[in-house]
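Data block for final35.cif (mmCIF, C-alpha atoms):
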data_run
loop_
_atom_site.group_PDB
_atom_site.id
_atom_site.type_symbol
_atom_site.label_atom_id
_atom_site.label_comp_id
_atom_site.auth_asym_id
_atom_site.auth_seq_id
_atom_site.Cartn_x
_atom_site.Cartn_y
_atom_site.Cartn_z
ATOM 1 C CA ALA A 1 43.761 19.381 184.748
ATOM 2 C CA LEU A 2 46.808 20.061 182.541
ATOM 3 C CA TRP A 3 48.430 22.153 185.274
ATOM 4 C CA ILE A 4 47.917 19.363 187.822
ATOM 5 C CA ILE A 5 49.201 16.613 185.486
ATOM 6 C CA PHE A 6 52.219 18.439 184.056
ATOM 7 C CA GLY A 7 52.972 20.843 186.903
ATOM 8 C CA VAL A 8 51.853 19.859 190.397
ATOM 9 C CA ILE A 9 52.386 16.089 190.168
ATOM 10 C CA PRO A 10 55.958 16.261 188.700
ATOM 11 C CA ALA A 11 56.935 18.981 191.227
ATOM 12 C CA ALA A 12 55.681 16.875 194.133
ATOM 13 C CA TYR A 13 57.510 13.841 192.774
ATOM 14 C CA PHE A 14 60.854 15.675 192.382
ATOM 15 C CA ARG A 15 60.504 17.252 195.833
ATOM 16 C CA MET A 16 59.808 13.863 197.398
ATOM 17 C CA ARG A 17 62.855 12.328 195.669
ATOM 18 C CA GLY A 18 65.027 15.303 196.578
ATOM 19 C CA GLN A 19 65.848 16.125 192.956
ATOM 20 C CA THR A 20 66.198 19.883 193.430
ATOM 21 C CA GLU A 21 67.855 20.460 190.042
ATOM 22 C CA ARG A 22 64.911 19.025 188.141
ATOM 23 C CA LEU A 23 62.546 20.845 190.462
ATOM 24 C CA GLY A 24 64.241 24.133 189.573
ATOM 25 C CA ALA A 25 64.098 23.315 185.851
ATOM 26 C CA LEU A 26 60.374 22.643 186.204
ATOM 27 C CA LEU A 27 59.646 26.009 187.830
ATOM 28 C CA PRO A 28 59.332 28.063 184.577
ATOM 29 C CA LEU A 29 56.950 25.471 183.133
ATOM 30 C CA ASN A 30 54.877 25.581 186.321
ATOM 31 C CA MET A 31 54.685 29.365 186.127
ATOM 32 C CA ALA A 32 53.598 29.225 182.495
ATOM 33 C CA PHE A 33 50.858 26.715 183.261
ATOM 34 C CA THR A 34 49.683 28.804 186.213
ATOM 35 C CA LEU A 35 49.448 31.931 184.038
ATOM 36 C CA LEU A 36 47.634 30.018 181.293
ATOM 37 C CA CYS A 37 45.090 28.620 183.754
ATOM 38 C CA ALA A 38 44.501 32.054 185.262
ATOM 39 C CA CYS A 39 43.846 33.565 181.824
ATOM 40 C CA TRP A 40 41.484 30.736 180.941
ATOM 41 C CA TRP A 41 39.462 31.149 184.130
ATOM 42 C CA CYS A 42 39.233 34.915 183.564
ATOM 43 C CA MET A 43 37.875 34.358 180.064
ATOM 44 C CA ARG A 44 35.335 31.851 181.404
ATOM 45 C CA ALA A 45 34.175 34.261 184.089
ATOM 46 C CA PHE A 46 33.836 37.070 181.538
ATOM 47 C CA SER A 47 31.768 34.895 179.174
ATOM 48 C CA TYR A 48 29.463 33.773 182.004
ATOM 49 C CA MET A 49 29.006 37.405 182.986
ATOM 50 C CA ARG A 50 27.954 38.344 179.443
ATOM 51 C CA ILE A 51 25.487 35.444 179.280
ATOM 52 C CA HIS A 52 23.989 36.459 182.623
ATOM 53 C CA ILE A 53 23.572 40.057 181.459
ATOM 54 C CA ARG A 54 21.858 38.974 178.223
ATOM 55 C CA ARG A 55 19.477 36.688 180.120
ATOM 56 C CA ARG A 56 18.665 39.459 182.578
ATOM 57 C CA ASP A 57 17.934 41.948 179.802
ATOM 58 C CA TYR A 58 15.740 39.399 178.040
ATOM 59 C CA ASN A 59 13.767 38.673 181.210
ATOM 60 C CA LEU A 60 13.276 42.373 181.858
ATOM 61 C CA ALA A 61 11.948 42.899 178.349
ATOM 62 C CA ALA A 62 9.792 39.774 178.322
ATOM 63 C CA TYR A 63 8.316 40.117 181.814
ATOM 64 C CA PRO A 64 8.016 43.823 182.672
ATOM 65 C CA ASN A 65 5.288 43.147 185.279
ATOM 66 C CA ASN A 66 7.773 41.207 187.415
ATOM 67 C CA ILE A 67 10.167 44.143 187.773
ATOM 68 C CA ASN A 68 10.836 45.550 191.221
ATOM 69 C CA PRO A 69 9.555 49.170 191.091
ATOM 70 C CA SER A 70 12.157 50.277 193.613
ATOM 71 C CA MET A 71 14.954 49.563 191.136
ATOM 72 C CA ASP A 72 15.828 51.641 188.104
ATOM 73 C CA TYR A 73 15.561 49.227 185.194
ATOM 74 C CA HIS A 74 15.961 50.207 181.573
ATOM 75 C CA TYR A 75 14.550 47.766 179.071
ATOM 76 C CA PRO A 76 13.463 48.081 175.437
ATOM 77 C CA THR A 77 9.828 48.636 174.563
ATOM 78 C CA PHE A 78 8.043 47.200 171.557
ATOM 79 C CA GLU A 79 5.066 48.713 169.799
ATOM 80 C CA ARG A 80 2.619 46.368 168.128
ATOM 81 C CA THR A 81 0.995 47.625 164.985
ATOM 82 C CA SER A 82 -2.176 46.421 163.323
ATOM 83 C CA ARG A 83 0.011 44.763 160.701
ATOM 84 C CA ASP A 84 1.779 42.727 163.387
ATOM 85 C CA ILE A 85 -1.539 41.612 164.846
ATOM 86 C CA GLN A 86 -2.912 40.473 161.491
ATOM 87 C CA HIS A 87 0.369 38.982 160.267
ATOM 88 C CA PRO A 88 2.607 38.157 163.267
ATOM 89 C CA ARG A 89 6.311 38.502 162.647
ATOM 90 C CA ASN A 90 8.273 35.306 161.951
ATOM 91 C CA HIS A 91 5.013 33.627 160.949
ATOM 92 C CA LYS A 92 5.079 31.856 157.599
ATOM 93 C CA PRO A 93 1.804 30.976 155.908
ATOM 94 C CA VAL A 94 1.285 27.294 155.186
ATOM 95 C CA VAL A 95 1.387 26.810 151.417
ATOM 96 C CA ALA A 96 -0.163 23.980 149.399
ATOM 97 C CA GLN A 97 -1.996 22.917 152.559
ATOM 98 C CA GLN A 98 -4.700 21.139 150.556
ATOM 99 C CA LEU A 99 -2.225 18.402 149.577
ATOM 100 C CA LYS A 100 -1.806 17.167 153.134
ATOM 101 C CA GLY A 101 -3.068 13.626 153.692
ATOM 102 C CA ARG A 102 -2.661 9.924 152.913
ATOM 103 C CA TYR A 103 -3.152 8.557 149.412
ATOM 104 C CA VAL A 104 -3.454 5.038 147.985
ATOM 105 C CA LYS A 105 -2.252 4.344 144.468
ATOM 106 C CA SER A 106 -4.776 3.553 141.746
ATOM 107 C CA LYS A 107 -3.068 1.034 139.460
ATOM 108 C CA GLU A 108 -5.903 1.182 136.949
ATOM 109 C CA GLU A 109 -5.405 4.925 136.404
ATOM 110 C CA SER A 110 -1.574 4.914 136.642
ATOM 111 C CA ASP A 111 0.720 4.365 133.661
ATOM 112 C CA GLN A 112 2.566 1.262 134.873
ATOM 113 C CA ASP A 113 4.122 0.464 131.483
ATOM 114 C CA ALA A 114 5.727 3.909 131.203
ATOM 115 C CA ILE A 115 7.106 3.543 134.734
ATOM 116 C CA MET A 116 8.766 0.242 133.818
ATOM 117 C CA VAL A 117 10.267 1.800 130.663
ATOM 118 C CA ALA A 118 11.863 4.518 132.811
ATOM 119 C CA CYS A 119 13.189 1.826 135.179
ATOM 120 C CA GLU A 120 14.734 -0.026 132.236
ATOM 121 C CA ALA A 121 16.424 3.196 131.065
ATOM 122 C CA ILE A 122 18.436 3.410 134.297
ATOM 123 C CA ASN A 123 19.000 -0.353 134.368
ATOM 124 C CA LEU A 124 17.214 -1.168 137.614
ATOM 125 C CA ASN A 125 17.367 -4.781 138.708
ATOM 126 C CA TRP A 126 14.335 -7.035 138.961
ATOM 127 C CA MET A 127 13.919 -6.525 142.712
ATOM 128 C CA MET A 128 13.870 -2.717 142.463
ATOM 129 C CA LYS A 129 11.419 -2.765 139.547
ATOM 130 C CA ARG A 130 9.189 -5.086 141.526
ATOM 131 C CA ALA A 131 9.246 -2.768 144.564
ATOM 132 C CA ILE A 132 8.468 0.312 142.428
ATOM 133 C CA GLY A 133 5.689 -1.513 140.615
ATOM 134 C CA LEU A 134 4.138 -2.422 143.959
ATOM 135 C CA ILE A 135 4.121 1.119 145.398
ATOM 136 C CA ARG A 136 1.064 1.159 147.634
ATOM 137 C CA GLY A 137 0.650 4.826 148.442
ATOM 138 C CA MET A 138 1.983 8.141 149.641
ATOM 139 C CA ASP A 139 1.844 10.285 152.789
ATOM 140 C CA ILE A 140 2.136 14.063 152.483
ATOM 141 C CA ASP A 141 2.652 16.280 155.507
ATOM 142 C CA ILE A 142 2.906 20.059 155.217
ATOM 143 C CA SER A 143 4.093 22.695 157.676
ATOM 144 C CA SER A 144 5.056 26.342 157.350
ATOM 145 C CA SER A 145 8.696 25.385 156.737
ATOM 146 C CA GLU A 146 8.716 22.147 154.777
ATOM 147 C CA LEU A 147 6.970 19.507 152.696
ATOM 148 C CA LYS A 148 7.323 15.885 153.788
ATOM 149 C CA ILE A 149 6.753 13.075 151.283
ATOM 150 C CA SER A 150 6.750 9.379 152.203
ATOM 151 C CA LEU A 151 6.295 6.646 149.605
ATOM 152 C CA PHE A 152 5.515 3.122 150.794
ATOM 153 C CA SER A 153 5.275 -0.168 148.931
ATOM 154 C CA PHE A 154 3.896 -3.649 149.439
ATOM 155 C CA VAL A 155 7.595 -4.595 149.589
ATOM 156 C CA PRO A 156 8.426 -3.821 153.284
ATOM 157 C CA TRP A 157 12.016 -2.584 152.803
ATOM 158 C CA PHE A 158 11.112 -0.084 150.064
ATOM 159 C CA LYS A 159 10.420 3.245 151.758
ATOM 160 C CA ILE A 160 11.243 6.737 150.521
ATOM 161 C CA ARG A 161 11.128 9.677 152.921
ATOM 162 C CA GLU A 162 12.032 13.186 151.733
ATOM 163 C CA ASN A 163 11.669 16.583 153.449
ATOM 164 C CA TYR A 164 11.741 19.626 151.177
ATOM 165 C CA SER A 165 12.210 23.211 152.340
ATOM 166 C CA TRP A 166 9.751 25.870 151.147
ATOM 167 C CA ASP A 167 12.482 28.534 151.067
ATOM 168 C CA GLY A 168 14.187 26.820 148.132
ATOM 169 C CA THR A 169 17.139 25.442 150.102
ATOM 170 C CA GLU A 170 18.645 22.395 148.411
ATOM 171 C CA ARG A 171 18.604 19.221 150.480
ATOM 172 C CA SER A 172 20.227 15.837 149.876
ATOM 173 C CA TYR A 173 18.442 12.489 150.005
ATOM 174 C CA THR A 174 19.094 8.822 149.414
ATOM 175 C CA ARG A 175 18.714 8.143 145.705
ATOM 176 C CA ARG A 176 15.320 6.752 144.776
ATOM 177 C CA ASP A 177 17.007 3.906 142.902
ATOM 178 C CA PHE A 178 18.899 3.105 146.147
ATOM 179 C CA ARG A 179 22.267 3.363 144.384
ATOM 180 C CA GLY A 180 25.289 4.974 146.022
ATOM 181 C CA GLY A 181 25.515 8.741 146.208
ATOM 182 C CA LYS A 182 22.865 11.330 146.906
ATOM 183 C CA SER A 183 20.154 13.175 145.029
ATOM 184 C CA ILE A 184 19.584 16.916 145.500
ATOM 185 C CA GLY A 185 16.021 18.158 145.762
ATOM 186 C CA THR A 186 13.953 21.336 145.942
ATOM 187 C CA VAL A 187 10.242 22.109 145.964
ATOM 188 C CA GLN A 188 8.190 25.000 144.608
ATOM 189 C CA ALA A 189 4.550 25.683 145.439
ATOM 190 C CA ARG A 190 2.308 26.445 142.482
ATOM 191 C CA GLY A 191 -0.810 27.085 144.500
ATOM 192 C CA PRO A 192 -2.849 25.751 147.425
ATOM 193 C CA SER A 193 -3.167 22.319 145.781
ATOM 194 C CA GLU A 194 -0.113 21.962 143.520
ATOM 195 C CA VAL A 195 3.666 21.659 143.980
ATOM 196 C CA GLU A 196 6.657 20.885 141.784
ATOM 197 C CA VAL A 197 9.447 18.693 143.155
ATOM 198 C CA THR A 198 12.830 18.688 141.380
ATOM 199 C CA LEU A 199 15.540 16.070 141.913
ATOM 200 C CA THR A 200 19.009 15.809 140.364
ATOM 201 C CA TRP A 201 21.619 13.069 140.765
ATOM 202 C CA GLY A 202 25.050 12.169 139.484
ATOM 203 C CA HIS A 203 26.790 9.069 138.172
ATOM 204 C CA PRO A 204 25.632 6.425 137.495
ATOM 205 C CA TYR A 205 22.832 7.344 135.070
ATOM 206 C CA GLU A 206 23.196 11.057 135.782
ATOM 207 C CA GLY A 207 20.027 13.034 135.255
ATOM 208 C CA SER A 208 17.150 14.971 136.761
ATOM 209 C CA GLU A 209 13.478 14.518 137.496
ATOM 210 C CA LYS A 210 10.562 16.919 137.831
ATOM 211 C CA CYS A 211 7.420 15.709 139.535
ATOM 212 C CA VAL A 212 4.272 17.851 139.619
ATOM 213 C CA LEU A 213 1.810 16.864 142.346
ATOM 214 C CA LYS A 214 -1.670 18.271 141.801
ATOM 215 C CA LEU A 215 -4.864 17.606 143.730
ATOM 216 C CA GLN A 216 -8.025 17.192 141.668
ATOM 217 C CA GLU A 217 -11.031 16.607 143.893
ATOM 218 C CA ASN A 218 -10.007 13.514 145.908
ATOM 219 C CA LYS A 219 -7.278 12.390 143.472
ATOM 220 C CA LEU A 220 -3.592 13.275 143.593
ATOM 221 C CA ILE A 221 -2.101 13.390 140.101
ATOM 222 C CA SER A 222 1.667 12.829 139.931
ATOM 223 C CA ASP A 223 3.177 13.743 136.521
ATOM 224 C CA THR A 224 6.889 12.904 136.345
ATOM 225 C CA THR A 225 9.436 13.831 133.676
ATOM 226 C CA MET A 226 12.876 12.196 133.885
ATOM 227 C CA VAL A 227 15.709 13.575 131.755
ATOM 228 C CA LEU A 228 19.001 11.692 131.537
ATOM 229 C CA ARG A 229 22.315 13.290 130.662
ATOM 230 C CA ASN A 230 22.390 11.478 127.321
ATOM 231 C CA GLY A 231 19.276 13.423 126.305
ATOM 232 C CA GLN A 232 16.703 10.678 126.758
ATOM 233 C CA VAL A 233 13.373 11.843 128.232
ATOM 234 C CA TYR A 234 10.815 9.658 129.986
ATOM 235 C CA THR A 235 7.393 10.705 131.296
ATOM 236 C CA TYR A 236 4.780 8.842 133.268
ATOM 237 C CA ARG A 237 1.701 9.518 135.392
ATOM 238 C CA GLN A 238 0.643 8.038 138.691
ATOM 239 C CA VAL A 239 -2.757 8.558 140.292
ATOM 240 C CA PHE A 240 -3.427 8.316 144.028
ATOM 241 C CA ILE A 241 -6.792 8.323 145.812
ATOM 242 C CA ARG A 242 -7.065 10.282 149.062
ATOM 243 C CA THR A 243 -8.065 8.157 152.055
ATOM 244 C CA SER A 244 -7.560 10.689 154.875
ATOM 245 C CA THR A 245 -6.473 14.288 155.516
#
For this file, produce the structure as structure tokens.
Amino acid sequence: ALWIIFGVIPAAYFRMRGQTERLGALLPLNMAFTLLCACWWCMRAFSYMRIHIRRRDYNLAAYPNNINPSMDYHYPTFERTSRDIQHPRNHKPVVAQQLKGRYVKSKEESDQDAIMVACEAINLNWMMKRAIGLIRGMDIDISSSELKISLFSFVPWFKIRENYSWDGTERSYTRRDFRGGKSIGTVQARGPSEVEVTLTWGHPYEGSEKCVLKLQENKLISDTTMVLRNGQVYTYRQVFIRTST
């Protein structure tokens, strides 16, 4: 396209107008564009060739029964061991799988007063405190790669969705107080029915929070410890009743 715009079209225009001097001055530029285009097309052809070869080798290795016996193919062979059969490669066991399910908050068993004290410490407005106080429940979904937590409230706009990676990779989320900036979170499995979620955030009200989620029979116990940069520590417990798995 560049060669046509800056080379062919101006050359045709100068030739049509009979401006031979400008046409001659344009010749070196035309040659340079032609050489550049030729190099680019050669590189494209070479890259397509490499992709085709890789796909062919993969197909030969993946589908050896489809190979034409009259042709001399050479493809890698793979030996499966008993260890591979029992524990397939690239397979990650699902941890803390017992936590998976939907839970409804038990206000009678949760420490609502301690939650409001923690909200006051970070100066949440009345609307945010109301939404947190009316948290209705929690959804937990677990796969081999991540833990998904969704908090929902009787207040429709208050929803928290966070996906944590089991490999310890830090991920960023919207702050739970809905202020500007991000919080950074990780998760650590403590067993088939217990995990520890850690969140840190910056200004304003810089601090961190550790939340231990533990399943006891049909109840999910959420013990949270919030530590602010000024040294203040706040703890509270929430209890959720499992309604489905």
Which distance in Å separates atom CA of A:Leu99 and atom CA of A:Glu196, to one decimal?
12.1 Å
List, as a list of chain:residue names, every residue that the PyMOL selection byres ((chain A and resi 178-191) around 8) selects in the file provided.
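Applied to this file, the PyMOL selection byres ((chain A and resi 178-191) around 8) returns A:Val95, A:Ala96, A:Leu147, A:Tyr164, A:Ser165, A:Trp166, A:Gly168, A:Thr169, A:Glu170, A:Arg171, A:Ser172, A:Tyr173, A:Thr174, A:Arg175, A:Arg176, A:Asp177, A:Pro192, A:Ser193, A:Glu194, A:Val195, A:Glu196, A:Val197, A:Thr198, A:Leu199, A:Thr200, A:Trp201, A:Gly202.
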For the structure provided, state which residues fall under the PyMOL selection byres ((chain A and resi 238) around 9), and present them as a PyMOL selection string.
chain A and resi 105-107+109-112+115+220-224+236-237+239-240
When you look at A:Pro156 with a cut-off of 12 Å (counting all atoms listed in the file), what residues show up, excluding the ones that are within fewer than 3 positions of it in the same chain? I need them as a list in words.
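Near neighbours after the sequence-gap exclusion: Arg130, Ala131, Ile132, Leu134, Ile135, Arg136, Leu151, Phe152, Ser153, Lys159 and Ile160 of chain A.
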From (-0.3, 14.9, 151.8), in the file's coordinates, out to 7 Å: which residues are reached, counting all atoms listed in the file? Answer as a list in words.
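The distance filter leaves exactly Leu99, Lys100, Gly101, Arg102, Asp139, Ile140, Asp141 and Ile142 of chain A.
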Using all atoms listed in the file, give me every residue within 8 Å of (-0.2, 23.9, 159.9) in file coordinates, as a PDB file with C-alpha atoms, in the frame of the given file.
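The new file point23.pdb reads:
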ATOM      1  CA  VAL A  94       1.285  27.294 155.186  1.00  0.00           C
ATOM      2  CA  GLN A  97      -1.996  22.917 152.559  1.00  0.00           C
ATOM      3  CA  ILE A 142       2.906  20.059 155.217  1.00  0.00           C
ATOM      4  CA  SER A 143       4.093  22.695 157.676  1.00  0.00           C
ATOM      5  CA  SER A 144       5.056  26.342 157.350  1.00  0.00           C
TER       6      SER A 144
END
Could you give me, as a short mmCIF file (atom, residue, chain, number, x, y, z; two decimals) with C-alpha atoms, in the frame of the given file, the residues within 9 Å of A:Ala121, counting all atoms listed in the file and dropping anything in the same chain fewer than 5 positions from it?
data_model
loop_
_atom_site.label_atom_id
_atom_site.label_comp_id
_atom_site.auth_asym_id
_atom_site.auth_seq_id
_atom_site.Cartn_x
_atom_site.Cartn_y
_atom_site.Cartn_z
CA MET A 116 8.77 0.24 133.82
CA TYR A 205 22.83 7.34 135.07
CA LEU A 228 19.00 11.69 131.54
CA GLN A 232 16.70 10.68 126.76
CA TYR A 234 10.82 9.66 129.99
#
Select, from A:Leu35, A:Ile149, A:Ala114, A:Ile241, the residue with the minimum atom-to-atom distance to A:Thr225, counting all atoms listed in the file.
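Closest to A:Thr225 of all the choices is A:Ala114.
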